[in-house]
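What follows is the content of query.txt, which has compact mmCIF, C-alpha atoms and all ligand atoms:
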# COMPACT_ATOMS: atom_id res chain seq x y z
CA MET A 1 12.52 31.91 12.87
CA ASP A 2 12.70 30.40 9.38
CA PHE A 3 9.75 28.53 7.88
CA SER A 4 11.45 27.78 4.57
CA LEU A 5 12.51 24.29 3.54
CA SER A 6 16.05 23.54 2.36
CA GLU A 7 16.85 22.51 -1.22
CA GLU A 8 17.36 18.97 0.04
CA HIS A 9 13.99 18.93 1.80
CA LEU A 10 12.27 20.15 -1.36
CA MET A 11 14.01 17.46 -3.41
CA ILE A 12 12.87 14.72 -1.03
CA ARG A 13 9.32 16.08 -0.99
CA ASP A 14 9.23 16.21 -4.79
CA ALA A 15 10.68 12.70 -5.12
CA ALA A 16 8.01 11.34 -2.77
CA ARG A 17 5.31 13.28 -4.63
CA ASP A 18 6.43 11.89 -7.99
CA PHE A 19 6.65 8.37 -6.64
CA ALA A 20 3.17 8.62 -5.12
CA ASN A 21 1.63 9.90 -8.34
CA ASN A 22 3.49 7.60 -10.71
CA GLU A 23 3.75 4.38 -8.70
CA LEU A 24 1.18 4.39 -5.90
CA LYS A 25 -1.80 6.00 -7.60
CA PRO A 26 -2.24 3.38 -10.35
CA GLY A 27 -4.11 0.49 -8.75
CA VAL A 28 -4.74 2.19 -5.41
CA ILE A 29 -8.52 1.71 -5.68
CA GLU A 30 -8.19 -1.98 -6.64
CA ARG A 31 -5.72 -2.67 -3.84
CA ASP A 32 -8.19 -1.11 -1.40
CA ILE A 33 -11.09 -3.21 -2.70
CA LYS A 34 -9.11 -6.47 -2.75
CA GLN A 35 -7.14 -5.74 0.44
CA GLU A 36 -4.00 -6.31 -1.59
CA PHE A 37 -0.59 -5.61 -0.05
CA PRO A 38 1.45 -3.29 -2.34
CA THR A 39 4.34 -5.75 -2.72
CA GLU A 40 5.91 -4.23 -5.85
CA GLN A 41 5.49 -0.68 -4.59
CA VAL A 42 7.11 -1.51 -1.25
CA LYS A 43 10.05 -3.09 -3.07
CA LYS A 44 10.50 0.10 -5.10
CA MET A 45 10.19 2.27 -1.99
CA GLY A 46 12.98 0.23 -0.43
CA GLU A 47 15.17 0.76 -3.50
CA LEU A 48 14.51 4.50 -3.38
CA GLY A 49 15.41 4.67 0.32
CA PHE A 50 11.96 5.40 1.75
CA LEU A 51 12.06 2.50 4.22
CA GLY A 52 15.11 3.56 6.21
CA MET A 53 15.17 7.29 5.68
CA MET A 54 16.63 8.35 9.02
CA VAL A 55 19.02 5.43 9.50
CA ASP A 56 22.75 6.10 9.45
CA PRO A 57 24.19 5.33 5.97
CA LYS A 58 26.65 2.92 7.61
CA TYR A 59 23.64 0.64 8.25
CA GLY A 60 22.22 1.19 4.77
CA GLY A 61 19.92 4.11 5.56
CA GLY A 62 19.45 7.55 4.06
CA GLY A 63 20.87 9.54 6.99
CA MET A 64 18.05 12.06 6.67
CA ASP A 65 16.38 14.14 9.33
CA THR A 66 12.85 13.80 10.71
CA VAL A 67 11.65 16.82 8.72
CA SER A 68 12.56 14.95 5.50
CA TYR A 69 10.72 11.91 6.77
CA VAL A 70 7.47 13.78 7.53
CA LEU A 71 7.63 15.55 4.17
CA ALA A 72 7.83 12.16 2.44
CA MET A 73 5.09 10.72 4.66
CA GLU A 74 2.76 13.58 3.79
CA GLU A 75 3.23 13.11 0.05
CA LEU A 76 2.85 9.33 0.09
CA SER A 77 -0.23 9.60 2.33
CA LYS A 78 -1.96 12.07 0.00
CA ILE A 79 -2.26 9.22 -2.47
CA ASP A 80 -2.04 5.93 -0.60
CA ALA A 81 -2.22 5.71 3.20
CA SER A 82 -1.99 1.91 3.06
CA SER A 83 1.51 2.21 1.62
CA SER A 84 2.51 5.09 3.87
CA VAL A 85 1.73 3.17 7.08
CA ILE A 86 4.15 0.46 5.94
CA VAL A 87 6.77 3.19 5.51
CA SER A 88 5.93 4.71 8.88
CA VAL A 89 6.11 1.48 10.88
CA ASN A 90 9.35 0.37 9.24
CA ASN A 91 11.03 3.77 9.70
CA SER A 92 9.90 5.05 13.05
CA LEU A 93 8.93 2.01 15.08
CA VAL A 94 11.30 -0.64 13.79
CA CYS A 95 14.44 1.01 12.34
CA TRP A 96 14.53 3.89 14.81
CA GLY A 97 14.02 1.60 17.80
CA LEU A 98 16.76 -0.77 16.65
CA GLU A 99 19.23 1.94 15.73
CA THR A 100 18.72 3.85 18.97
CA TYR A 101 18.60 0.97 21.45
CA GLY A 102 19.85 -2.16 19.65
CA SER A 103 23.30 -3.72 20.11
CA GLU A 104 25.90 -3.44 17.35
CA GLU A 105 25.33 -7.12 16.49
CA GLN A 106 21.56 -6.56 16.24
CA LYS A 107 22.12 -3.56 13.97
CA GLN A 108 24.48 -5.49 11.71
CA LYS A 109 22.20 -8.50 11.53
CA TYR A 110 18.78 -6.86 11.26
CA LEU A 111 18.90 -3.10 10.78
CA THR A 112 21.04 -3.29 7.63
CA LYS A 113 18.32 -5.34 5.94
CA LEU A 114 15.40 -3.36 7.33
CA ALA A 115 16.84 0.02 6.36
CA THR A 116 17.25 -0.98 2.72
CA GLY A 117 13.86 -2.65 2.46
CA GLU A 118 15.45 -6.05 1.84
CA SER A 119 13.41 -7.07 4.89
CA ILE A 120 10.28 -5.56 6.42
CA GLY A 121 9.64 -5.04 10.11
CA ALA A 122 6.64 -5.04 12.43
CA PHE A 123 6.12 -3.65 15.93
CA CYS A 124 4.11 -5.87 18.27
CA LEU A 125 2.74 -4.25 21.40
CA SER A 126 -1.07 -4.48 21.27
CA GLU A 127 -2.85 -7.53 22.59
CA PRO A 128 -6.49 -8.60 22.88
CA GLU A 129 -6.49 -7.10 26.39
CA ALA A 130 -3.67 -4.56 26.21
CA GLY A 131 -3.96 -1.77 23.67
CA SER A 132 -4.06 1.60 25.38
CA ASP A 133 -3.19 0.00 28.75
CA ALA A 134 0.19 -1.07 27.47
CA THR A 135 1.65 -2.19 30.81
CA SER A 136 -0.93 -5.01 31.04
CA GLN A 137 1.00 -7.31 28.72
CA ARG A 138 -0.21 -10.94 28.79
CA THR A 139 2.43 -12.23 26.38
CA THR A 140 5.18 -13.78 28.45
CA ALA A 141 8.87 -14.37 27.82
CA ILE A 142 10.29 -16.70 30.45
CA ASP A 143 14.03 -16.64 31.07
CA LYS A 144 15.44 -20.10 30.36
CA GLY A 145 19.13 -19.31 30.64
CA ASP A 146 20.45 -18.88 27.12
CA HIS A 147 17.03 -18.06 25.68
CA TYR A 148 13.55 -16.78 26.51
CA LEU A 149 10.44 -18.84 25.86
CA LEU A 150 7.82 -16.61 24.26
CA ASN A 151 4.09 -17.32 24.53
CA GLY A 152 1.06 -15.18 23.76
CA THR A 153 -0.97 -13.33 21.17
CA LYS A 154 -0.54 -9.92 19.54
CA ASN A 155 -3.36 -8.09 17.78
CA TRP A 156 -3.78 -5.60 14.93
CA ILE A 157 -0.15 -5.88 13.84
CA THR A 158 0.68 -3.76 10.80
CA ASN A 159 2.87 -5.70 8.32
CA GLY A 160 1.82 -8.75 10.36
CA GLY A 161 1.88 -11.20 7.47
CA SER A 162 4.50 -9.49 5.30
CA ALA A 163 7.24 -8.73 7.80
CA ASP A 164 10.41 -10.74 8.22
CA TYR A 165 11.39 -9.41 11.65
CA TYR A 166 9.13 -8.51 14.56
CA LEU A 167 9.87 -6.36 17.59
CA VAL A 168 7.80 -8.07 20.27
CA ILE A 169 7.04 -6.60 23.69
CA ALA A 170 6.46 -9.18 26.41
CA GLN A 171 6.27 -9.61 30.18
CA THR A 172 9.31 -11.29 31.69
CA ASP A 173 8.45 -10.70 35.35
CA LYS A 174 4.87 -9.83 36.24
CA GLU A 175 5.78 -8.87 39.81
CA LYS A 176 7.86 -5.95 38.54
CA GLY A 177 5.05 -4.28 36.57
CA HIS A 178 6.32 -2.15 33.72
CA LYS A 179 9.90 -2.80 34.85
CA GLY A 180 9.34 -6.50 34.14
CA ILE A 181 8.66 -5.91 30.43
CA ASN A 182 11.20 -6.55 27.65
CA ALA A 183 11.41 -6.08 23.89
CA PHE A 184 12.71 -8.83 21.60
CA ILE A 185 13.62 -9.27 17.95
CA VAL A 186 11.75 -12.31 16.63
CA GLU A 187 12.28 -13.89 13.23
CA LYS A 188 9.27 -15.08 11.26
CA SER A 189 10.83 -18.44 10.42
CA TRP A 190 11.23 -19.52 14.06
CA ASP A 191 9.31 -22.56 15.33
CA GLY A 192 6.15 -21.73 17.22
CA PHE A 193 5.58 -18.40 15.48
CA GLU A 194 2.29 -18.31 13.62
CA VAL A 195 0.70 -15.56 11.56
CA GLY A 196 -3.00 -15.57 12.40
CA PRO A 197 -6.00 -14.25 10.47
CA LYS A 198 -5.81 -11.04 8.45
CA GLU A 199 -8.19 -8.29 9.59
CA ASP A 200 -10.92 -7.12 7.19
CA LYS A 201 -10.62 -3.38 7.85
CA LEU A 202 -12.64 -0.20 7.26
CA GLY A 203 -9.62 1.65 5.87
CA ILE A 204 -5.93 1.30 4.99
CA ARG A 205 -7.10 -1.95 3.44
CA GLY A 206 -3.95 -2.42 1.36
CA SER A 207 -1.89 -2.72 4.52
CA ASP A 208 -1.56 -6.11 6.05
CA THR A 209 -2.94 -6.32 9.60
CA HIS A 210 -2.82 -9.64 11.47
CA THR A 211 -3.10 -11.40 14.77
CA LEU A 212 0.16 -13.17 15.69
CA ASN A 213 0.51 -16.21 17.90
CA PHE A 214 3.65 -17.25 19.76
CA ASN A 215 3.72 -20.81 21.07
CA ASP A 216 6.93 -21.70 22.92
CA VAL A 217 9.05 -19.60 20.56
CA LYS A 218 12.72 -19.78 21.60
CA VAL A 219 14.20 -16.29 21.50
CA PRO A 220 17.99 -16.16 21.98
CA LYS A 221 19.15 -13.95 24.84
CA GLU A 222 21.09 -11.75 22.43
CA ASN A 223 17.79 -10.78 20.77
CA ARG A 224 16.57 -8.84 23.80
CA ILE A 225 16.77 -5.09 23.13
CA GLY A 226 18.57 -3.12 25.84
CA GLU A 227 18.98 -3.88 29.53
CA ASP A 228 16.66 -6.28 31.32
CA GLY A 229 13.38 -4.49 32.06
CA PHE A 230 13.82 -1.78 29.42
CA GLY A 231 10.96 -3.01 27.19
CA PHE A 232 8.20 -0.67 28.34
CA LYS A 233 10.34 2.42 28.04
CA PHE A 234 11.57 1.13 24.68
CA ALA A 235 7.95 0.93 23.53
CA MET A 236 7.07 4.38 24.89
CA LYS A 237 10.14 6.06 23.40
CA THR A 238 9.62 4.39 20.05
CA LEU A 239 5.92 5.25 19.95
CA SER A 240 6.68 8.91 20.74
CA GLY A 241 8.54 9.15 17.43
CA GLY A 242 6.04 6.89 15.66
CA ARG A 243 3.30 9.36 16.51
CA ILE A 244 5.07 12.05 14.50
CA GLY A 245 4.99 9.72 11.49
CA ILE A 246 1.28 9.00 11.95
CA ALA A 247 0.60 12.72 12.42
CA ALA A 248 2.29 13.27 9.05
CA GLN A 249 0.19 10.50 7.57
CA ALA A 250 -2.99 12.16 8.87
CA LEU A 251 -1.80 15.48 7.45
CA GLY A 252 -1.22 13.86 4.07
CA ILE A 253 -4.65 12.22 4.02
CA ALA A 254 -6.25 15.61 4.79
CA ALA A 255 -4.13 17.44 2.21
CA GLY A 256 -4.88 14.81 -0.44
CA ALA A 257 -8.63 15.10 0.19
CA TYR A 258 -8.45 18.90 0.12
CA ASP A 259 -6.60 18.86 -3.25
CA LEU A 260 -9.29 16.63 -4.74
CA ALA A 261 -12.13 18.77 -3.33
CA ARG A 262 -10.56 22.03 -4.58
CA ASP A 263 -9.98 20.64 -8.08
CA TYR A 264 -13.45 19.13 -8.26
CA SER A 265 -15.09 22.37 -7.15
CA LYS A 266 -13.47 24.16 -10.08
CA ILE A 267 -15.01 21.87 -12.70
CA ARG A 268 -18.34 20.79 -11.24
CA LYS A 269 -21.13 23.20 -12.12
CA ALA A 270 -24.39 23.92 -10.25
CA PHE A 271 -26.81 26.80 -10.56
CA GLY A 272 -25.00 28.02 -13.66
CA THR A 273 -21.47 28.28 -12.31
CA GLU A 274 -18.58 26.18 -10.96
CA ILE A 275 -19.43 25.21 -7.39
CA CYS A 276 -16.29 26.93 -6.03
CA ASN A 277 -18.02 30.20 -6.87
CA HIS A 278 -20.69 29.45 -4.28
CA GLN A 279 -19.72 30.70 -0.86
CA ALA A 280 -21.04 27.48 0.70
CA ILE A 281 -18.19 25.61 -1.03
CA ALA A 282 -15.55 28.37 -1.02
CA PHE A 283 -15.86 28.72 2.77
CA LYS A 284 -15.47 24.96 3.18
CA LEU A 285 -12.22 25.14 1.20
CA ALA A 286 -11.04 28.05 3.34
CA ASP A 287 -11.71 26.12 6.55
CA MET A 288 -10.10 22.94 5.23
CA HIS A 289 -6.97 24.73 4.08
CA THR A 290 -6.60 26.64 7.36
CA GLU A 291 -6.95 23.49 9.45
CA ILE A 292 -4.44 21.64 7.28
CA GLU A 293 -1.94 24.46 7.56
CA ALA A 294 -2.31 24.48 11.36
CA ALA A 295 -1.81 20.70 11.46
CA ARG A 296 1.26 21.06 9.23
CA HIS A 297 2.82 23.51 11.67
CA LEU A 298 2.32 21.10 14.58
CA VAL A 299 3.75 18.19 12.59
CA MET A 300 6.78 20.20 11.49
CA LYS A 301 7.37 21.50 15.00
CA ALA A 302 7.35 17.97 16.42
CA ALA A 303 9.76 16.78 13.70
CA TRP A 304 11.99 19.78 14.32
CA ASP A 305 11.97 19.10 18.07
CA LYS A 306 13.16 15.56 17.39
CA ASP A 307 15.89 16.78 15.04
CA GLN A 308 17.05 19.38 17.59
CA GLY A 309 17.32 16.80 20.36
CA ASN A 310 14.43 18.43 22.26
CA ASN A 311 11.87 16.31 24.08
CA TYR A 312 9.12 15.53 21.56
CA ASP A 313 6.69 13.45 23.64
CA MET A 314 4.22 16.33 23.93
CA SER A 315 4.76 17.98 20.57
CA GLY A 316 4.40 14.58 18.84
CA ALA A 317 1.23 13.82 20.80
CA MET A 318 -0.25 17.25 20.00
CA ALA A 319 0.62 16.84 16.31
CA LYS A 320 -1.04 13.42 16.17
CA LEU A 321 -4.10 14.50 18.17
CA TYR A 322 -4.73 17.54 16.02
CA ALA A 323 -3.70 16.24 12.59
CA SER A 324 -5.83 13.11 12.98
CA LYS A 325 -8.88 15.23 13.86
CA VAL A 326 -8.19 17.44 10.86
CA ALA A 327 -7.88 14.33 8.69
CA MET A 328 -11.34 13.18 9.80
CA ASP A 329 -12.97 16.62 9.47
CA VAL A 330 -11.41 17.47 6.12
CA THR A 331 -12.10 14.12 4.48
CA VAL A 332 -15.76 14.27 5.54
CA GLU A 333 -16.00 17.76 4.00
CA ALA A 334 -14.18 16.60 0.86
CA VAL A 335 -16.83 13.93 0.37
CA GLN A 336 -19.50 16.59 0.92
CA VAL A 337 -17.96 18.91 -1.71
CA HIS A 338 -18.04 15.99 -4.16
CA GLY A 339 -21.74 15.31 -3.42
CA GLY A 340 -22.90 11.99 -4.88
CA ASN A 341 -19.55 11.45 -6.56
CA GLY A 342 -17.86 11.64 -3.19
CA TYR A 343 -19.63 8.43 -2.22
CA VAL A 344 -18.21 6.57 -5.20
CA LYS A 345 -14.83 4.82 -5.17
CA GLU A 346 -13.42 6.27 -8.37
CA TYR A 347 -13.27 9.78 -6.87
CA HIS A 348 -10.88 8.62 -4.09
CA VAL A 349 -12.29 10.80 -1.29
CA GLU A 350 -14.44 8.08 0.28
CA ARG A 351 -11.29 5.95 0.65
CA LEU A 352 -9.40 8.84 2.22
CA MET A 353 -12.29 9.33 4.67
CA ARG A 354 -12.14 5.65 5.66
CA ASP A 355 -8.34 5.76 5.88
CA ALA A 356 -8.43 8.88 8.08
CA LYS A 357 -10.22 7.16 10.97
CA ILE A 358 -7.34 4.87 11.92
CA THR A 359 -5.05 7.85 12.56
CA GLN A 360 -7.20 8.61 15.62
CA ILE A 361 -6.70 5.06 16.88
CA TYR A 362 -3.32 3.49 16.16
CA GLU A 363 -0.02 4.30 17.85
CA GLY A 364 -2.10 5.69 20.72
CA THR A 365 -5.74 6.78 20.48
CA SER A 366 -6.66 10.47 20.67
CA GLU A 367 -7.59 9.86 24.30
CA ILE A 368 -4.07 8.48 25.00
CA GLN A 369 -2.54 11.55 23.33
CA LYS A 370 -4.58 13.71 25.73
CA ILE A 371 -3.16 11.72 28.66
CA VAL A 372 0.37 12.31 27.37
CA ILE A 373 -0.27 16.04 26.76
CA SER A 374 -2.06 16.72 30.04
CA ARG A 375 0.54 14.83 32.09
CA GLY A 376 3.24 16.85 30.33
CA LEU A 377 1.43 20.08 31.15
CA LEU A 378 0.89 19.21 34.79
CA ARG A 379 4.32 17.69 35.47
CA ASP A 380 6.47 19.44 38.16
N1 LIG A 401 9.43 7.88 27.33
C1 LIG A 401 10.11 7.26 28.32
N2 LIG A 401 9.54 6.72 29.39
C2 LIG A 401 8.20 6.81 29.47
C3 LIG A 401 7.42 7.44 28.50
C4 LIG A 401 8.09 7.99 27.40
N3 LIG A 401 7.44 8.60 26.39
N4 LIG A 401 6.13 7.38 28.88
C5 LIG A 401 6.09 6.71 30.05
N5 LIG A 401 7.35 6.38 30.41
C6 LIG A 401 7.81 5.69 31.62
C7 LIG A 401 7.39 6.45 32.88
O1 LIG A 401 8.36 7.43 33.21
C8 LIG A 401 7.34 5.32 33.89
O2 LIG A 401 8.64 5.00 34.30
P1 LIG A 401 9.13 5.14 35.86
O3 LIG A 401 8.17 4.31 36.67
O4 LIG A 401 10.52 4.64 35.86
O5 LIG A 401 9.01 6.62 36.17
C9 LIG A 401 6.86 4.15 33.08
O6 LIG A 401 7.16 4.43 31.70
C10 LIG A 401 5.38 3.90 33.24
O7 LIG A 401 4.74 5.11 32.84
P2 LIG A 401 3.27 5.49 33.34
O8 LIG A 401 3.17 5.28 34.81
O9 LIG A 401 2.95 6.84 32.81
O10 LIG A 401 2.42 4.34 32.64
P3 LIG A 401 0.87 4.22 32.41
O11 LIG A 401 0.49 2.81 32.64
O12 LIG A 401 0.14 5.28 33.18
O13 LIG A 401 0.71 4.46 30.83
C11 LIG A 401 0.50 5.68 28.80
C12 LIG A 401 1.12 5.61 30.21
C13 LIG A 401 -1.02 5.69 28.88
C14 LIG A 401 0.99 6.97 28.22
C15 LIG A 401 0.99 4.46 27.97
O14 LIG A 401 0.50 3.25 28.47
C16 LIG A 401 0.63 4.56 26.52
O15 LIG A 401 1.24 5.32 25.77
N6 LIG A 401 -0.36 3.77 26.08
C17 LIG A 401 -0.73 3.70 24.68
C18 LIG A 401 0.05 2.66 23.99
C19 LIG A 401 -0.18 2.70 22.52
O16 LIG A 401 0.18 3.66 21.86
N7 LIG A 401 -0.80 1.63 22.01
C20 LIG A 401 -1.01 1.51 20.64
C21 LIG A 401 -0.27 0.30 20.21
S1 LIG A 401 0.87 0.52 18.98
S2 LIG A 401 -0.27 0.55 17.37

Starting from the coordinates I provided, produce the structure as structure tokens.
Amino acid sequence: MDFSLSEEHLMIRDAARDFANNELKPGVIERDIKQEFPTEQVKKMGELGFLGMMVDPKYGGGGMDTVSYVLAMEELSKIDASSSVIVSVNNSLVCWGLETYGSEEQKQKYLTKLATGESIGAFCLSEPEAGSDATSQRTTAIDKGDHYLLNGTKNWITNGGSADYYLVIAQTDKEKGHKGINAFIVEKSWDGFEVGPKEDKLGIRGSDTHTLNFNDVKVPKENRIGEDGFGFKFAMKTLSGGRIGIAAQALGIAAGAYDLARDYSKIRKAFGTEICNHQAIAFKLADMHTEIEAARHLVMKAAWDKDQGNNYDMSGAMAKLYASKVAMDVTVEAVQVHGGNGYVKEYHVERLMRDAKITQIYEGTSEIQKIVISRGLLRD
């Protein structure tokens, strides 16, 4: 067993850390307040290769492993979880799904742009009445010969207003249940596609979350991903990897909050000494650090499983379940360590606490992760 990171891993981690501190940190509070999408920062992340990290270089990607990806996700999330979710969706839901299951034509046409950040992608599964219960898709795609006619509404779509290409899950044959679901690549410019209202969110406010409406959108047959009826499994497989990215995001949010709390405790004085010298605070730091380290091991194990070709459904679900809980617990404690200052925007920890909550909800709630884990345990 070897817990050390390679030179290349360390370089990627340091590059992401530098980028986060130099490019994401300035303006992060204002973007949160104004709900401003980090357009310039996303462009730079594309240029630096953060948007298609694991994609084969022949499609414009970085050809890196999942361990590299989670290291970068952790560093970006320490500073700006709104930016890191854009990275996560583009890498693990959109690029990975297309590279793994798309046709060569789809990869040439779409993946090459998505992997370089020239275009941004979105993943559209959730609906007003189908979030956790993902087989209950109401969006329909009716086979019309050379095209499908797409109708319906998708909710809470990350990159909803800023994406160029959308992977849309829809029901093509209700009678067949989950085997009558397909996934399609939809272009924003197509007739009948409408970006609906932007959500006013508790956290990750810099990310762009929208409702999307599809009204008789003509989707060419060649834009279906995989065999007919593969859409539900496509969504499940893609989300299994996505959950590792969100677990890494949760880990980063927790680690960022811990760093701030530790540093603050060394300068803030009470009762004649720095507050870190009080056991009440020192023990909080000890608990926070231990929980973060445990979460990091689960995240790394899930990433390693994926890189080894092992099944990662359970390890990814466990990493997300645990890391998102740690993100909530640690950010609440980080605010507590900061006292009154923790409740004020300029100290960053209140934003991290708000950002943490979504990691227990999106890409499968904590309750869904427990379904995945318990079914895995009880299988056979
Ligand atoms: N990989 C491949 N196939 C999978 C899979 C996975 N990770 N998970 C499920 N499947 C397959 C099953 O094997 C089954 O196929 P067969 O009938 O051929 O055996 C099919 O998909 C249906 O699976 P299941 O019966 O388990 O479906 P359920 O309706 O019980 O739902 C959960 C399973 C709850 C796990 C699924 O609906 C889910 O993950 N929901 C959450 C979705 C989500 O993350 N939403 C957030 C939106 S994205 S922000």

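The two atoms in question, atom O9 of ligand LIG 401 (chain A) and atom CA of Ala302 of chain A, are spaced 20.3 Å apart.
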
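In this model, the gap between atom CA of Ile185 of chain A and atom CA of Gln308 of chain A comes to 28.9 Å.
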
Inset, instruction - In Å, rounded to a single decimal, give me how far atom CA of Met54 of chain A is from atom CA of Thr209 of chain A. - result: 24.5 Å

Under the rule of at most 9 Å, produce a per-residue listing of chain A near ligand LIG 401 (chain A): chain, number, name, the closest pair of atoms, and the distance in Å, as a tab-separated table, using only C-alpha atoms and all ligand atoms.
residue	atom	partner	partner_atom	distance
A:Phe123	CA	A:LIG401	S1	7.4
A:Cys124	CA	A:LIG401	S1	7.2
A:Leu125	CA	A:LIG401	C21	5.6
A:Ser126	CA	A:LIG401	C21	5.0
A:Glu127	CA	A:LIG401	C21	8.6
A:Ala130	CA	A:LIG401	N7	8.0
A:Gly131	CA	A:LIG401	N7	4.9
A:Ser132	CA	A:LIG401	C17	4.0
A:Asp133	CA	A:LIG401	O14	4.9
A:Ala134	CA	A:LIG401	O14	4.4
A:Thr135	CA	A:LIG401	O11	5.4
A:Ser136	CA	A:LIG401	O11	8.1
A:Trp156	CA	A:LIG401	S2	7.5
A:Ile157	CA	A:LIG401	S2	7.3
A:Thr158	CA	A:LIG401	S2	7.9
A:Gly177	CA	A:LIG401	C10	8.8
A:His178	CA	A:LIG401	C10	6.1
A:Lys179	CA	A:LIG401	O4	7.5
A:Phe232	CA	A:LIG401	O6	6.2
A:Lys233	CA	A:LIG401	N2	4.6
A:Phe234	CA	A:LIG401	C1	7.3
A:Ala235	CA	A:LIG401	C4	8.1
A:Met236	CA	A:LIG401	N3	4.5
A:Lys237	CA	A:LIG401	N1	4.4
A:Thr238	CA	A:LIG401	N3	7.9
A:Leu239	CA	A:LIG401	O16	6.3
A:Ser240	CA	A:LIG401	N3	5.7
A:Gly242	CA	A:LIG401	S1	8.9
A:Arg243	CA	A:LIG401	O16	8.4
A:Tyr312	CA	A:LIG401	N3	8.6
A:Asp313	CA	A:LIG401	N3	5.6
A:Met314	CA	A:LIG401	N3	8.7
A:Ile361	CA	A:LIG401	C20	7.7
A:Tyr362	CA	A:LIG401	S2	4.4
A:Glu363	CA	A:LIG401	S2	3.8
A:Gly364	CA	A:LIG401	O16	3.3
A:Thr365	CA	A:LIG401	O16	6.8
A:Ile368	CA	A:LIG401	C13	5.7
A:Gln369	CA	A:LIG401	C14	7.6
A:Ile371	CA	A:LIG401	C14	6.3
A:Val372	CA	A:LIG401	C14	5.4
A:Arg375	CA	A:LIG401	O9	8.4

Inset, instruction - Write out as JSON, numbers by chain the residues lying within 12 Å of Tyr258 of chain A, counting only C-alpha atoms and excluding same-chain residues fewer than 2 positions away. - result: {"A": [78, 79, 251, 252, 253, 254, 255, 256, 260, 261, 262, 263, 264, 265, 281, 282, 284, 285, 286, 287, 288, 289, 290, 291, 292, 293, 326, 327, 328, 329, 330, 331, 332, 333, 334, 335, 336, 337, 338, 348, 349, 352, 353]}

Kindly export the residues of the current selection with C-alpha atoms, as a tab-separated table (two decimals), keeping the file's coordinate frame.
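Produced file out.tsv, reproduced below:
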chain	number	residue	atom	x	y	z
A	78	LYS	CA	-1.96	12.07	0.00
A	79	ILE	CA	-2.26	9.22	-2.47
A	251	LEU	CA	-1.80	15.48	7.45
A	252	GLY	CA	-1.22	13.86	4.07
A	253	ILE	CA	-4.65	12.22	4.02
A	254	ALA	CA	-6.25	15.61	4.79
A	255	ALA	CA	-4.13	17.44	2.21
A	256	GLY	CA	-4.88	14.81	-0.44
A	260	LEU	CA	-9.29	16.63	-4.74
A	261	ALA	CA	-12.13	18.77	-3.33
A	262	ARG	CA	-10.56	22.03	-4.58
A	263	ASP	CA	-9.98	20.64	-8.08
A	264	TYR	CA	-13.45	19.13	-8.26
A	265	SER	CA	-15.09	22.37	-7.15
A	281	ILE	CA	-18.19	25.61	-1.03
A	282	ALA	CA	-15.55	28.37	-1.02
A	284	LYS	CA	-15.47	24.96	3.18
A	285	LEU	CA	-12.22	25.14	1.20
A	286	ALA	CA	-11.04	28.05	3.34
A	287	ASP	CA	-11.71	26.12	6.55
A	288	MET	CA	-10.10	22.94	5.23
A	289	HIS	CA	-6.97	24.73	4.08
A	290	THR	CA	-6.60	26.64	7.36
A	291	GLU	CA	-6.95	23.49	9.45
A	292	ILE	CA	-4.44	21.64	7.28
A	293	GLU	CA	-1.94	24.46	7.56
A	326	VAL	CA	-8.19	17.44	10.86
A	327	ALA	CA	-7.88	14.33	8.69
A	328	MET	CA	-11.34	13.18	9.80
A	329	ASP	CA	-12.97	16.62	9.47
A	330	VAL	CA	-11.41	17.47	6.12
A	331	THR	CA	-12.10	14.12	4.48
A	332	VAL	CA	-15.76	14.27	5.54
A	333	GLU	CA	-16.00	17.76	4.00
A	334	ALA	CA	-14.18	16.60	0.86
A	335	VAL	CA	-16.83	13.93	0.37
A	336	GLN	CA	-19.50	16.59	0.92
A	337	VAL	CA	-17.96	18.91	-1.71
A	338	HIS	CA	-18.04	15.99	-4.16
A	348	HIS	CA	-10.88	8.62	-4.09
A	349	VAL	CA	-12.29	10.80	-1.29
A	352	LEU	CA	-9.40	8.84	2.22
A	353	MET	CA	-12.29	9.33	4.67

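Distance check against Val87 of chain A using only C-alpha atoms: of A:Phe50, A:Tyr347, A:Tyr101, A:Tyr59, the minimum falls on A:Phe50.
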
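Between Ala317 of chain A and the candidates A:Asp355, A:Glu105, A:Asp2, A:Glu367, the tightest atom-to-atom separation, counting only C-alpha atoms, involves A:Glu367.
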
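In terms of minimum interatomic distance to Phe184 of chain A, A:Gly97 ranks closest within A:Gly97, A:Ala250, A:Gln108, A:Ile267, counting all atoms listed in the file.
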
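Considering the residues A:Glu23, A:Glu222, A:Glu99, A:Asp18 and counting all atoms listed in the file, Glu40 of chain A has its shortest atom-to-atom contact with A:Glu23.
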
Legend entry - Exercise: residues within 12 Å of coordinate (-11.2, -13.0, 9.2), counting all atoms listed in the file, as a PyMOL selection string: chain A and resi 156+196-201+209-211

Env of Gln360 of chain A: 8 Å cut, atoms = all atoms listed in the file, seq-sep filter 6 positions within chain, self excluded. Answer as a JSON list (two decimals) with C-alpha atoms, in the frame of the given file.
[["chain", "number", "residue", "atom", "x", "y", "z"],
["A", 320, "LYS", "CA", -1.04, 13.42, 16.17],
["A", 321, "LEU", "CA", -4.10, 14.50, 18.17],
["A", 324, "SER", "CA", -5.83, 13.11, 12.98],
["A", 325, "LYS", "CA", -8.88, 15.23, 13.86],
["A", 366, "SER", "CA", -6.66, 10.47, 20.67]]

Legend entry - Given only C-alpha atoms as the counted atoms, nearest of A:Phe37, A:Trp190, A:Tyr343, A:Phe230 to Asn213 of chain A: A:Trp190

Inset, instruction - Select, counting all atoms listed in the file, all protein, DNA and RNA residues no farther than 12 Å from (7.3, -7.6, 35.5) in file coordinates, and express the selection as a count of residues only. - result: 27
